[in-house]
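S.K.: Got run.pdb for you, PDB, C-alpha atoms, pLDDT in the B column:
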```
ATOM      1  CA  MET A 218     147.217 125.403 113.655  1.00 87.00           C
ATOM      2  CA  ASN A 219     144.115 127.464 114.420  1.00 89.00           C
ATOM      3  CA  CYS A 220     141.109 126.571 116.601  1.00 90.00           C
ATOM      4  CA  GLN A 221     139.062 125.191 113.718  1.00 86.00           C
ATOM      5  CA  GLU A 222     141.881 122.897 112.593  1.00 88.00           C
ATOM      6  CA  LEU A 223     142.339 121.842 116.204  1.00 88.00           C
ATOM      7  CA  LEU A 224     138.680 120.854 116.407  1.00 85.00           C
ATOM      8  CA  ARG A 225     139.032 118.811 113.217  1.00 82.00           C
ATOM      9  CA  ARG A 226     142.031 116.994 114.669  1.00 83.00           C
ATOM     10  CA  LEU A 227     140.902 116.607 118.275  1.00 82.00           C
ATOM     11  CA  GLY A 228     138.724 113.640 117.342  1.00 76.00           C
ATOM     12  CA  GLU A 229     141.805 111.819 116.101  1.00 75.00           C
ATOM     13  CA  TYR A 230     144.077 112.956 118.909  1.00 66.00           C
ATOM     14  CA  GLY A 231     144.756 109.952 121.118  1.00 66.00           C
ATOM     15  CA  GLU A 232     144.532 107.445 118.278  1.00 70.00           C
ATOM     16  CA  ALA A 233     147.869 106.054 117.242  1.00 63.00           C
ATOM     17  CA  ASN A 234     147.785 107.100 113.590  1.00 70.00           C
ATOM     18  CA  LEU A 235     148.695 110.787 114.005  1.00 76.00           C
ATOM     19  CA  SER A 236     152.159 111.844 112.938  1.00 84.00           C
ATOM     20  CA  PRO A 237     154.560 113.172 115.604  1.00 86.00           C
ATOM     21  CA  ASP A 238     154.572 116.557 113.819  1.00 89.00           C
ATOM     22  CA  LEU A 239     150.808 116.799 113.982  1.00 87.00           C
ATOM     23  CA  CYS A 240     150.770 115.761 117.661  1.00 87.00           C
ATOM     24  CA  SER A 241     153.327 118.483 118.384  1.00 90.00           C
ATOM     25  CA  ALA A 242     151.228 121.076 116.535  1.00 91.00           C
ATOM     26  CA  ILE A 243     148.141 120.038 118.522  1.00 90.00           C
ATOM     27  CA  GLU A 244     150.006 120.192 121.816  1.00 91.00           C
ATOM     28  CA  ARG A 245     151.495 123.595 120.956  1.00 94.00           C
ATOM     29  CA  HIS A 246     148.050 124.986 120.138  1.00 94.00           C
ATOM     30  CA  LEU A 247     146.559 123.544 123.333  1.00 93.00           C
ATOM     31  CA  SER A 248     149.308 125.095 125.431  1.00 95.00           C
ATOM     32  CA  GLU A 249     148.560 128.521 123.949  1.00 95.00           C
ATOM     33  CA  CYS A 250     144.758 128.480 123.661  1.00 94.00           C
ATOM     34  CA  GLU A 251     142.749 128.226 126.859  1.00 94.00           C
ATOM     35  CA  PRO A 252     139.276 127.566 125.293  1.00 93.00           C
ATOM     36  CA  CYS A 253     140.668 124.661 123.239  1.00 93.00           C
ATOM     37  CA  GLU A 254     142.512 123.273 126.254  1.00 94.00           C
ATOM     38  CA  GLU A 255     139.269 123.489 128.263  1.00 94.00           C
ATOM     39  CA  LEU A 256     137.444 121.641 125.491  1.00 94.00           C
ATOM     40  CA  ARG A 257     140.092 118.914 125.546  1.00 93.00           C
ATOM     41  CA  ARG A 258     139.796 118.612 129.339  1.00 94.00           C
ATOM     42  CA  ASP A 259     135.992 118.378 129.141  1.00 95.00           C
ATOM     43  CA  LEU A 260     136.261 115.624 126.525  1.00 94.00           C
ATOM     44  CA  MET A 261     138.789 113.788 128.676  1.00 92.00           C
ATOM     45  CA  ASP A 262     136.479 114.027 131.690  1.00 94.00           C
ATOM     46  CA  LEU A 263     133.644 112.784 129.489  1.00 95.00           C
ATOM     47  CA  SER A 264     135.740 109.775 128.476  1.00 93.00           C
ATOM     48  CA  ARG A 265     136.530 109.016 132.120  1.00 93.00           C
ATOM     49  CA  LEU A 266     132.823 109.253 132.910  1.00 94.00           C
ATOM     50  CA  CYS A 267     131.891 106.927 130.026  1.00 94.00           C
ATOM     51  CA  GLN A 268     134.443 104.384 131.219  1.00 92.00           C
ATOM     52  CA  GLN A 269     132.682 104.296 134.604  1.00 89.00           C
ATOM     53  CA  ALA A 270     129.331 103.315 133.050  1.00 88.00           C
ATOM     54  CA  GLU A 271     127.846 100.123 134.437  1.00 87.00           C
ATOM     55  CA  PRO A 272     128.663  97.351 131.921  1.00 90.00           C
ATOM     56  CA  ALA A 273     125.620  95.508 130.600  1.00 95.00           C
ATOM     57  CA  ARG A 274     125.370  91.770 131.251  1.00 97.00           C
ATOM     58  CA  LEU A 275     123.850  89.255 128.896  1.00 98.00           C
ATOM     59  CA  PRO A 276     120.744  87.979 130.743  1.00 98.00           C
ATOM     60  CA  ASP A 277     121.242  84.418 132.038  1.00 97.00           C
ATOM     61  CA  THR A 278     118.081  83.128 130.346  1.00 97.00           C
ATOM     62  CA  LEU A 279     119.281  84.384 126.983  1.00 97.00           C
ATOM     63  CA  ARG A 280     122.790  83.013 127.544  1.00 97.00           C
ATOM     64  CA  ARG A 281     121.353  79.554 128.268  1.00 97.00           C
ATOM     65  CA  ARG A 282     119.099  79.752 125.197  1.00 96.00           C
ATOM     66  CA  LEU A 283     122.074  80.631 123.012  1.00 97.00           C
ATOM     67  CA  GLU A 284     124.205  77.887 124.543  1.00 96.00           C
ATOM     68  CA  ARG A 285     121.491  75.384 123.654  1.00 95.00           C
ATOM     69  CA  LEU A 286     121.291  76.788 120.118  1.00 93.00           C
ATOM     70  CA  LEU A 287     125.045  76.335 119.679  1.00 92.00           C
ATOM     71  CA  GLN A 288     125.067  72.826 121.139  1.00 89.00           C
ATOM     72  CA  ARG A 289     122.535  71.332 118.734  1.00 72.00           C
TER      73      ARG A 289
ATOM     74  CA  MET B  61     149.996  89.116 115.343  1.00 45.00           C
ATOM     75  CA  ASP B  62     146.661  87.327 115.054  1.00 49.00           C
ATOM     76  CA  GLN B  63     146.683  84.415 112.665  1.00 47.00           C
ATOM     77  CA  ALA B  64     143.964  84.638 110.017  1.00 47.00           C
ATOM     78  CA  PRO B  65     141.156  82.205 110.865  1.00 45.00           C
ATOM     79  CA  PRO B  66     140.349  79.630 108.222  1.00 50.00           C
ATOM     80  CA  PRO B  67     137.332  80.178 105.966  1.00 61.00           C
ATOM     81  CA  GLY B  68     134.152  79.049 107.627  1.00 74.00           C
ATOM     82  CA  LEU B  69     133.498  79.282 111.315  1.00 85.00           C
ATOM     83  CA  ALA B  70     133.049  76.305 113.613  1.00 86.00           C
ATOM     84  CA  ARG B  71     130.097  76.064 115.961  1.00 89.00           C
ATOM     85  CA  GLU B  72     132.635  75.777 118.787  1.00 91.00           C
ATOM     86  CA  THR B  73     134.123  79.152 117.843  1.00 93.00           C
ATOM     87  CA  LEU B  74     130.701  80.747 118.132  1.00 93.00           C
ATOM     88  CA  ALA B  75     130.255  79.085 121.527  1.00 94.00           C
ATOM     89  CA  GLU B  76     133.632  80.492 122.623  1.00 94.00           C
ATOM     90  CA  LEU B  77     132.634  83.941 121.409  1.00 95.00           C
ATOM     91  CA  LEU B  78     129.391  83.695 123.339  1.00 96.00           C
ATOM     92  CA  ALA B  79     131.311  82.797 126.500  1.00 95.00           C
ATOM     93  CA  ALA B  80     133.986  85.458 126.072  1.00 95.00           C
ATOM     94  CA  GLN B  81     132.052  88.296 124.449  1.00 95.00           C
ATOM     95  CA  GLY B  82     128.379  87.662 125.186  1.00 97.00           C
ATOM     96  CA  ASP B  83     128.187  90.601 127.587  1.00 98.00           C
ATOM     97  CA  ARG B  84     129.830  92.982 125.117  1.00 97.00           C
ATOM     98  CA  LEU B  85     127.658  91.874 122.230  1.00 98.00           C
ATOM     99  CA  TYR B  86     124.561  92.364 124.362  1.00 98.00           C
ATOM    100  CA  ALA B  87     125.891  95.772 125.506  1.00 98.00           C
ATOM    101  CA  LEU B  88     126.201  96.832 121.859  1.00 98.00           C
ATOM    102  CA  ALA B  89     122.640  95.702 121.118  1.00 98.00           C
ATOM    103  CA  LEU B  90     121.287  97.349 124.269  1.00 97.00           C
ATOM    104  CA  ARG B  91     123.098 100.611 123.601  1.00 97.00           C
ATOM    105  CA  THR B  92     121.862 100.653 119.996  1.00 96.00           C
ATOM    106  CA  THR B  93     118.228  99.744 120.691  1.00 95.00           C
ATOM    107  CA  ARG B  94     117.886 101.168 124.255  1.00 94.00           C
ATOM    108  CA  ASP B  95     115.422  98.355 124.962  1.00 95.00           C
ATOM    109  CA  PRO B  96     116.340  95.100 126.761  1.00 97.00           C
ATOM    110  CA  ASP B  97     113.709  93.073 124.871  1.00 96.00           C
ATOM    111  CA  LEU B  98     114.828  94.348 121.455  1.00 96.00           C
ATOM    112  CA  ALA B  99     118.472  93.841 122.432  1.00 97.00           C
ATOM    113  CA  ALA B 100     117.782  90.234 123.448  1.00 98.00           C
ATOM    114  CA  GLU B 101     115.942  89.632 120.152  1.00 97.00           C
ATOM    115  CA  ALA B 102     118.812  91.161 118.203  1.00 97.00           C
ATOM    116  CA  VAL B 103     121.467  89.035 119.925  1.00 98.00           C
ATOM    117  CA  GLN B 104     119.420  85.871 119.501  1.00 97.00           C
ATOM    118  CA  GLU B 105     118.832  86.589 115.806  1.00 97.00           C
ATOM    119  CA  ALA B 106     122.498  87.426 115.373  1.00 97.00           C
ATOM    120  CA  PHE B 107     123.703  84.089 116.742  1.00 96.00           C
ATOM    121  CA  ALA B 108     121.104  82.198 114.699  1.00 96.00           C
ATOM    122  CA  SER B 109     122.225  84.065 111.574  1.00 95.00           C
ATOM    123  CA  ALA B 110     125.926  83.557 112.373  1.00 95.00           C
ATOM    124  CA  LEU B 111     125.303  79.835 112.765  1.00 93.00           C
ATOM    125  CA  GLU B 112     123.356  79.680 109.525  1.00 92.00           C
ATOM    126  CA  HIS B 113     126.015  81.588 107.588  1.00 91.00           C
ATOM    127  CA  ALA B 114     129.095  80.277 109.402  1.00 89.00           C
ATOM    128  CA  GLY B 115     130.239  78.537 106.230  1.00 87.00           C
ATOM    129  CA  ALA B 116     130.375  81.878 104.415  1.00 85.00           C
ATOM    130  CA  PHE B 117     132.803  83.376 106.930  1.00 88.00           C
ATOM    131  CA  THR B 118     135.911  84.211 104.910  1.00 87.00           C
ATOM    132  CA  GLY B 119     138.318  85.230 107.649  1.00 86.00           C
ATOM    133  CA  ALA B 120     138.652  88.736 106.149  1.00 87.00           C
ATOM    134  CA  ALA B 121     137.772  90.118 109.592  1.00 89.00           C
ATOM    135  CA  LYS B 122     138.264  88.617 113.047  1.00 92.00           C
ATOM    136  CA  PRO B 123     135.364  86.351 114.098  1.00 94.00           C
ATOM    137  CA  SER B 124     134.454  88.746 116.939  1.00 95.00           C
ATOM    138  CA  THR B 125     134.392  91.701 114.508  1.00 96.00           C
ATOM    139  CA  TRP B 126     132.156  89.717 112.160  1.00 95.00           C
ATOM    140  CA  LEU B 127     129.798  88.850 115.022  1.00 96.00           C
ATOM    141  CA  HIS B 128     129.675  92.448 116.272  1.00 97.00           C
ATOM    142  CA  ARG B 129     128.675  93.484 112.748  1.00 96.00           C
ATOM    143  CA  ILE B 130     125.803  90.993 112.717  1.00 97.00           C
ATOM    144  CA  VAL B 131     124.614  92.069 116.176  1.00 98.00           C
ATOM    145  CA  TYR B 132     124.656  95.732 115.125  1.00 97.00           C
ATOM    146  CA  THR B 133     122.767  94.965 111.894  1.00 96.00           C
ATOM    147  CA  LYS B 134     120.136  92.968 113.782  1.00 97.00           C
ATOM    148  CA  SER B 135     119.797  95.778 116.335  1.00 96.00           C
ATOM    149  CA  ILE B 136     119.153  98.312 113.577  1.00 94.00           C
ATOM    150  CA  ASP B 137     116.673  95.851 112.000  1.00 94.00           C
ATOM    151  CA  GLN B 138     114.802  95.732 115.304  1.00 94.00           C
ATOM    152  CA  LEU B 139     114.542  99.530 115.397  1.00 92.00           C
ATOM    153  CA  ARG B 140     113.416  99.658 111.763  1.00 90.00           C
ATOM    154  CA  ARG B 141     110.784  97.005 112.295  1.00 89.00           C
ATOM    155  CA  ARG B 142     109.340  98.958 115.210  1.00 85.00           C
ATOM    156  CA  ARG B 143     109.837 102.256 113.374  1.00 76.00           C
ATOM    157  CA  ARG B 144     111.164 103.595 116.620  1.00 68.00           C
ATOM    158  CA  GLU B 145     114.018 105.673 115.332  1.00 68.00           C
ATOM    159  CA  VAL B 146     115.785 106.598 112.163  1.00 66.00           C
ATOM    160  CA  ALA B 147     118.721 104.254 112.450  1.00 61.00           C
ATOM    161  CA  LEU B 148     121.126 106.298 110.377  1.00 65.00           C
ATOM    162  CA  PRO B 149     119.965 109.890 110.314  1.00 66.00           C
ATOM    163  CA  ASP B 150     121.350 112.152 107.665  1.00 70.00           C
ATOM    164  CA  GLU B 151     124.510 113.043 109.554  1.00 80.00           C
ATOM    165  CA  PRO B 152     127.258 114.783 107.595  1.00 85.00           C
ATOM    166  CA  ALA B 153     130.385 112.648 107.513  1.00 87.00           C
ATOM    167  CA  GLU B 154     132.566 115.723 108.031  1.00 88.00           C
ATOM    168  CA  LEU B 155     132.656 118.189 110.884  1.00 88.00           C
ATOM    169  CA  GLY B 156     130.824 121.421 110.081  1.00 88.00           C
ATOM    170  CA  PRO B 157     129.496 124.712 111.481  1.00 90.00           C
ATOM    171  CA  GLU B 158     127.144 123.066 113.996  1.00 91.00           C
ATOM    172  CA  ASP B 159     130.086 121.088 115.426  1.00 91.00           C
ATOM    173  CA  ASP B 160     132.103 124.324 115.620  1.00 90.00           C
ATOM    174  CA  ARG B 161     129.247 125.951 117.514  1.00 93.00           C
ATOM    175  CA  LEU B 162     129.124 123.095 120.022  1.00 93.00           C
ATOM    176  CA  ALA B 163     132.888 123.193 120.461  1.00 92.00           C
ATOM    177  CA  HIS B 164     132.758 126.885 121.314  1.00 91.00           C
ATOM    178  CA  LEU B 165     130.167 126.555 124.075  1.00 92.00           C
ATOM    179  CA  ALA B 166     131.361 127.496 127.543  1.00 91.00           C
ATOM    180  CA  ALA B 167     133.482 124.831 129.192  1.00 92.00           C
ATOM    181  CA  TRP B 168     132.267 122.806 132.148  1.00 92.00           C
ATOM    182  CA  PRO B 169     133.049 124.296 135.531  1.00 90.00           C
ATOM    183  CA  ARG B 170     135.784 121.814 136.561  1.00 84.00           C
ATOM    184  CA  PRO B 171     133.736 119.101 138.272  1.00 83.00           C
ATOM    185  CA  PRO B 172     135.464 117.411 141.190  1.00 86.00           C
ATOM    186  CA  ASP B 173     135.614 113.618 140.831  1.00 88.00           C
ATOM    187  CA  GLU B 174     132.880 113.095 143.421  1.00 88.00           C
ATOM    188  CA  LEU B 175     130.481 115.056 141.156  1.00 89.00           C
ATOM    189  CA  LEU B 176     131.909 113.685 137.902  1.00 89.00           C
ATOM    190  CA  PHE B 177     131.311 110.099 139.030  1.00 90.00           C
ATOM    191  CA  ALA B 178     128.148 110.699 141.102  1.00 92.00           C
ATOM    192  CA  ALA B 179     125.132 108.478 140.429  1.00 92.00           C
ATOM    193  CA  GLU B 180     123.190 111.580 139.279  1.00 93.00           C
ATOM    194  CA  THR B 181     125.895 112.354 136.716  1.00 94.00           C
ATOM    195  CA  ARG B 182     125.835 108.815 135.389  1.00 94.00           C
ATOM    196  CA  ALA B 183     122.037 109.015 135.101  1.00 94.00           C
ATOM    197  CA  ALA B 184     122.354 112.354 133.267  1.00 95.00           C
ATOM    198  CA  LEU B 185     124.926 110.777 130.942  1.00 95.00           C
ATOM    199  CA  GLU B 186     122.607 107.865 130.162  1.00 95.00           C
ATOM    200  CA  ARG B 187     119.775 110.285 129.349  1.00 95.00           C
ATOM    201  CA  ALA B 188     122.060 112.330 127.128  1.00 96.00           C
ATOM    202  CA  ILE B 189     123.350 109.224 125.317  1.00 96.00           C
ATOM    203  CA  GLY B 190     119.720 108.223 124.744  1.00 94.00           C
ATOM    204  CA  GLU B 191     119.232 111.395 122.690  1.00 93.00           C
ATOM    205  CA  LEU B 192     122.009 110.486 120.255  1.00 94.00           C
ATOM    206  CA  ALA B 193     121.383 108.613 117.005  1.00 92.00           C
ATOM    207  CA  PRO B 194     121.636 104.806 117.195  1.00 94.00           C
ATOM    208  CA  VAL B 195     124.866 104.749 115.196  1.00 94.00           C
ATOM    209  CA  GLN B 196     126.440 107.293 117.546  1.00 95.00           C
ATOM    210  CA  ARG B 197     125.352 105.305 120.582  1.00 96.00           C
ATOM    211  CA  ALA B 198     126.914 102.190 119.072  1.00 97.00           C
ATOM    212  CA  ILE B 199     130.168 104.010 118.333  1.00 96.00           C
ATOM    213  CA  LEU B 200     130.262 105.473 121.822  1.00 96.00           C
ATOM    214  CA  GLU B 201     129.774 102.027 123.376  1.00 97.00           C
ATOM    215  CA  LEU B 202     132.458 100.418 121.234  1.00 97.00           C
ATOM    216  CA  MET B 203     135.063 103.175 121.491  1.00 95.00           C
ATOM    217  CA  GLU B 204     134.531 105.005 124.780  1.00 93.00           C
ATOM    218  CA  MET B 205     133.244 102.148 126.897  1.00 93.00           C
ATOM    219  CA  GLU B 206     135.139  99.245 125.325  1.00 92.00           C
ATOM    220  CA  GLY B 207     138.212 100.913 123.866  1.00 91.00           C
ATOM    221  CA  HIS B 208     138.085  99.671 120.262  1.00 94.00           C
ATOM    222  CA  SER B 209     139.908 101.698 117.594  1.00 92.00           C
ATOM    223  CA  SER B 210     138.074 103.576 114.833  1.00 92.00           C
ATOM    224  CA  GLN B 211     139.504 101.016 112.402  1.00 93.00           C
ATOM    225  CA  GLU B 212     137.909  98.107 114.292  1.00 95.00           C
ATOM    226  CA  VAL B 213     134.636  99.954 114.798  1.00 96.00           C
ATOM    227  CA  GLY B 214     134.542 100.853 111.115  1.00 96.00           C
ATOM    228  CA  GLN B 215     134.672  97.152 110.298  1.00 95.00           C
ATOM    229  CA  MET B 216     132.038  96.360 112.917  1.00 96.00           C
ATOM    230  CA  LEU B 217     129.565  98.976 111.671  1.00 95.00           C
ATOM    231  CA  GLY B 218     130.428  99.042 107.982  1.00 94.00           C
ATOM    232  CA  LEU B 219     131.650 102.650 108.015  1.00 94.00           C
ATOM    233  CA  PRO B 220     134.942 104.262 106.978  1.00 94.00           C
ATOM    234  CA  PRO B 221     137.156 104.828 110.058  1.00 93.00           C
ATOM    235  CA  ALA B 222     137.252 108.584 109.325  1.00 91.00           C
ATOM    236  CA  THR B 223     133.441 108.698 109.491  1.00 92.00           C
ATOM    237  CA  VAL B 224     133.509 106.753 112.759  1.00 94.00           C
ATOM    238  CA  ARG B 225     135.867 109.374 114.229  1.00 92.00           C
ATOM    239  CA  VAL B 226     133.643 112.243 113.074  1.00 92.00           C
ATOM    240  CA  TYR B 227     130.511 110.602 114.482  1.00 94.00           C
ATOM    241  CA  LEU B 228     132.272 109.930 117.778  1.00 94.00           C
ATOM    242  CA  HIS B 229     133.602 113.457 118.027  1.00 94.00           C
ATOM    243  CA  ARG B 230     130.176 114.917 117.247  1.00 94.00           C
ATOM    244  CA  ALA B 231     128.562 112.621 119.812  1.00 95.00           C
ATOM    245  CA  ARG B 232     131.074 113.736 122.439  1.00 95.00           C
ATOM    246  CA  LEU B 233     130.463 117.417 121.639  1.00 96.00           C
ATOM    247  CA  ARG B 234     126.725 116.855 122.019  1.00 96.00           C
ATOM    248  CA  LEU B 235     127.155 115.030 125.322  1.00 97.00           C
ATOM    249  CA  ARG B 236     129.435 117.775 126.582  1.00 97.00           C
ATOM    250  CA  ALA B 237     126.800 120.402 125.743  1.00 96.00           C
ATOM    251  CA  ARG B 238     124.002 118.322 127.244  1.00 96.00           C
ATOM    252  CA  LEU B 239     125.846 117.696 130.523  1.00 95.00           C
ATOM    253  CA  ALA B 240     127.003 121.288 131.047  1.00 94.00           C
ATOM    254  CA  PRO B 241     123.825 122.406 132.893  1.00 92.00           C
ATOM    255  CA  HIS B 242     124.118 119.354 135.177  1.00 91.00           C
ATOM    256  CA  PHE B 243     127.616 120.327 136.265  1.00 89.00           C
ATOM    257  CA  ARG B 244     126.698 123.994 136.619  1.00 87.00           C
ATOM    258  CA  SER B 245     123.742 123.204 138.893  1.00 85.00           C
ATOM    259  CA  GLY B 246     125.769 120.581 140.761  1.00 72.00           C
ATOM    260  CA  LEU B 247     128.444 123.107 141.650  1.00 64.00           C
ATOM    261  CA  ARG B 248     126.091 125.792 142.869  1.00 61.00           C
TER     262      ARG B 248
END
```
Go ahead and render the structure in this file as structure tokens.

M.R.:
Amino acid sequence: MNCQELLRRLGEYGEANLSPDLCSAIERHLSECEPCEELRRDLMDLSRLCQQAEPARLPDTLRRRLERLLQR
Amino acid sequence: MDQAPPPGLARETLAELLAAQGDRLYALALRTTRDPDLAAEAVQEAFASALEHAGAFTGAAKPSTWLHRIVYTKSIDQLRRRRREVALPDEPAELGPEDDRLAHLAAWPRPPDELLFAAETRAALERAIGELAPVQRAILELMEMEGHSSQEVGQMLGLPPATVRVYLHRARLRLRARLAPHFRSGLR
């Protein structure tokens, strides 16, 4: 696997549908290629950051309006 | 394994979805429109439409997936009506040279957690997300923030799962590039 193939696959890495062989090839490339490993770490940090985002809350006035709509 | 719901959707099911998923549905609308008033309009229209068309629900998707789809569609309608943004810009559905260029940009200086999770970083992230296309913002909300799979998000947004993964990956590359100066200045 080269860097370009790695980039194509990195978006899928972490989802359950990758074959064990492909996961091994990705991991082998990451262990040998520092720029790709740094990219993976940045994207992992980005995911951790996204998960810390303040969750939005449905405004109470809208929730009550919708509850009334669904009660009619 | 989830049992397939029967055709048609009861009013009570919609009320349960409102109670259990109201915040998430609003979060999707808010992320897509970036405007609390438009998001509220979209969610209200979505529930009205779901109620009106509840009899047409076939059970092919989970009720919550079906409702997410309606909320997303209404959010895009809101943007179109206001001509605020191109809802689905002409984004290639496969990774290409521009994505390669972004991937080869210099890596972040390793930010310590106190900088990674600082309020300034979260504000910078929100600004950077705001520069993405509506569909990418929606995908980011559903996958990164809420943890849905590309399969589920594909059903919610009406896109092939492979396209969802490409859009997400491209969005993440853009956010990484956009946040790099923030981390560099924060570590000086």

S.K.: Just want the 9 Å neighbourhood of Leu155 (chain B), counted on all atoms listed in the file, with same-chain residues fewer than 2 positions away dropped. Output as a CSV table (one decimal) with C-alpha atoms, keeping the file's coordinate frame.

M.R.:
```
chain,number,residue,atom,x,y,z
A,224,LEU,CA,138.7,120.9,116.4
A,225,ARG,CA,139.0,118.8,113.2
B,152,PRO,CA,127.3,114.8,107.6
B,153,ALA,CA,130.4,112.6,107.5
B,157,PRO,CA,129.5,124.7,111.5
B,158,GLU,CA,127.1,123.1,114.0
B,159,ASP,CA,130.1,121.1,115.4
B,160,ASP,CA,132.1,124.3,115.6
B,226,VAL,CA,133.6,112.2,113.1
B,227,TYR,CA,130.5,110.6,114.5
B,229,HIS,CA,133.6,113.5,118.0
B,230,ARG,CA,130.2,114.9,117.2
```

S.K.: For the ChimeraX specification (/A :<9) & /B, applied here, can you spell out every residue it catches as a PyMOL selection string?

M.R.: chain B and resi 71-72+74-75+78-79+82-88+90+100+103-104+107-108+111+154-155+159-160+163-168+170-171+176-177+181-182+185-186+200-201+204-207+209-210+222+225-226+228-230+232-233+235-236

S.K.: Rounded to one decimal, what separation in Å do you get between CA of Ala116 (chain B) and CA of Thr133 (chain B)?

M.R.: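 Separation of CA of Ala116 (chain B) and CA of Thr133 (chain B): 16.9 Å.
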
S.K.: Rounded to one decimal place, report the CA of Leu77 (chain B)-CA of Ser124 (chain B) distance in Å.

M.R.: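 CA of Ser124 (chain B) lies 6.8 Å from CA of Leu77 (chain B).
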
S.K.: Can you pull out every residue within 9 Å of Ala110 (chain B), counting only C-alpha atoms, but drop anything in the same chain fewer than 4 positions away, and send it as a list in words?

M.R.: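 Here the qualifying residues turn out to be Leu69, Leu74, Glu105, Ala106, Ala114, Phe117, Trp126, Leu127 and Ile130 of chain B.
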
S.K.: Could you please determine the separation between CA of Ala183 (chain B) and CA of Leu98 (chain B) in Å, to one decimal place?

M.R.: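 That distance, rounded to one decimal, is 21.3 Å.
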
S.K.: Saving region 237-277 of chain A with C-alpha atoms, as a short mmCIF file (atom, residue, chain, number, x, y, z; two decimals), in the first residue's frame, what would that file be?

M.R.:
```cif
data_model
loop_
_atom_site.label_atom_id
_atom_site.label_comp_id
_atom_site.auth_asym_id
_atom_site.auth_seq_id
_atom_site.Cartn_x
_atom_site.Cartn_y
_atom_site.Cartn_z
CA PRO A 237 -8.73 -7.95 8.25
CA ASP A 238 -6.18 -8.07 5.39
CA LEU A 239 -6.86 -4.48 4.46
CA CYS A 240 -6.69 -3.35 8.11
CA SER A 241 -3.32 -5.09 8.40
CA ALA A 242 -2.05 -3.39 5.24
CA ILE A 243 -3.17 0.00 6.58
CA GLU A 244 -1.53 -0.60 9.94
CA ARG A 245 1.70 -1.78 8.30
CA HIS A 246 1.84 1.35 6.14
CA LEU A 247 1.13 3.60 9.13
CA SER A 248 3.90 1.98 11.14
CA GLU A 249 6.39 2.67 8.34
CA CYS A 250 5.29 6.11 7.10
CA GLU A 251 5.54 9.02 9.50
CA PRO A 252 3.56 11.62 7.44
CA CYS A 253 0.62 9.22 7.07
CA GLU A 254 0.75 8.31 10.76
CA GLU A 255 0.74 12.04 11.61
CA LEU A 256 -2.27 12.53 9.35
CA ARG A 257 -4.08 9.69 11.12
CA ARG A 258 -3.26 11.21 14.53
CA ASP A 259 -4.50 14.64 13.43
CA LEU A 260 -7.77 13.11 12.21
CA MET A 261 -8.14 11.22 15.48
CA ASP A 262 -7.57 14.42 17.46
CA LEU A 263 -10.12 16.13 15.22
CA SER A 264 -12.65 13.40 15.99
CA ARG A 265 -12.02 13.79 19.73
CA LEU A 266 -12.50 17.54 19.36
CA CYS A 267 -15.76 17.09 17.42
CA GLN A 268 -17.07 14.75 20.11
CA GLN A 269 -16.55 17.52 22.69
CA ALA A 270 -18.79 19.97 20.79
CA GLU A 271 -21.66 21.36 22.82
CA PRO A 272 -24.77 19.35 21.84
CA ALA A 273 -27.64 21.46 20.55
CA ARG A 274 -30.93 21.37 22.46
CA LEU A 275 -34.35 21.63 20.91
CA PRO A 276 -35.74 24.96 22.21
CA ASP A 277 -38.47 24.41 24.82
#
```
